[in-house]
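Here is the structure we will look at, set down as structure tokens.
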Amino acid sequence: AMSKSAVRISSDLLSNPLCEQEPSFLEMVTAFDTAMKRMDSFNQEKVGCWRWVSSGLPPSTAQFSSVFPSLNMAVKRREQALQDYRRLQARVEKYEEKERTGPVLAKLHQ
């Protein structure tokens with residue numbers, strides 16, 4: 001709640017007319033606003049992680065995906081690669097079971 005208030009204060013300061021008149025004040029308020037937004041996002045991640053730790057249960061990937069979106073994308077890419085591998089492995093097994101003729105051997109070595 002404290003970081004949300006700080007973000008609101010920094011946003012209000014940025015809309016202050018003094019920022020238009022004093023470039024040094026604008027620069028200082030912009031740096032403050034950036035710091036407050038970073039602090040807020042860090043606090044949100046920290047609260048999410050502590051919620052998992054305090055529950056005593058290991059978090060699922062679904063819980064991580066809301067905090068770490070890149071993890072969600074990596075899991076999706078891994079699942080897609082695994083599906084592709086299984087599909088190709090089934091195709092290889094199908095051709096290995098067939099009689100070993102020229103076209104079948106050619107498809108096996110692709």
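Residue numbering restarts at 1 in every chain; chains get A, B, ... in the order shown in the structure tokens, and ligands count up from 1 in that same order.
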Would you pick out the contacts of Leu18 in chain A at 12 Å or less, using only C-alpha atoms, so that residues sharing its chain but fewer than 5 positions from it are not included, and give the list as JSON, numbers by chain? {"A": [12, 13, 23, 24, 25, 26, 27, 28, 29]}
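Residues in contact range of Arg8 in chain A, defined as at most 12 Å between only C-alpha atoms, with sequence neighbours fewer than 3 positions away removed, read Ala1, Met2, Ser3, Lys4, Ser5, Ser11, Asp12, Leu13, Leu14, Ser15, Phe32, Asp33, Thr34, Met36, Lys37 and Asp40 of chain A.
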Writer output for current selection, C-alpha atoms, as a PDB file, in the first residue's frame:
ATOM      1  CA  ALA A   1       0.000   0.000   0.000  1.00  0.00           C
ATOM      2  CA  MET A   2       2.893   2.325   0.794  1.00  0.00           C
ATOM      3  CA  SER A   3       4.505   1.873  -2.612  1.00  0.00           C
ATOM      4  CA  LYS A   4       1.156   2.465  -4.354  1.00  0.00           C
ATOM      5  CA  SER A   5       0.883   5.775  -2.492  1.00  0.00           C
ATOM      6  CA  SER A  11       2.551  10.834 -10.731  1.00  0.00           C
ATOM      7  CA  ASP A  12       0.928  13.881  -9.138  1.00  0.00           C
ATOM      8  CA  LEU A  13       4.294  15.632  -8.964  1.00  0.00           C
ATOM      9  CA  LEU A  14       4.891  14.958 -12.660  1.00  0.00           C
ATOM     10  CA  SER A  15       1.626  16.692 -13.533  1.00  0.00           C
ATOM     11  CA  PHE A  32      11.741   9.708  -8.371  1.00  0.00           C
ATOM     12  CA  ASP A  33       8.774   8.425 -10.387  1.00  0.00           C
ATOM     13  CA  THR A  34      10.906   5.757 -12.069  1.00  0.00           C
ATOM     14  CA  MET A  36       8.859   4.434  -7.145  1.00  0.00           C
ATOM     15  CA  LYS A  37       7.482   2.370 -10.041  1.00  0.00           C
ATOM     16  CA  ASP A  40       6.252  -1.023  -6.507  1.00  0.00           C
TER      17      ASP A  40
END
State, in Å with one decimal place, the distance from CA of Arg86 in chain A to CA of Ser70 in chain A.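 Going from CA of Arg86 in chain A over to CA of Ser70 in chain A, I get 24.4 Å.
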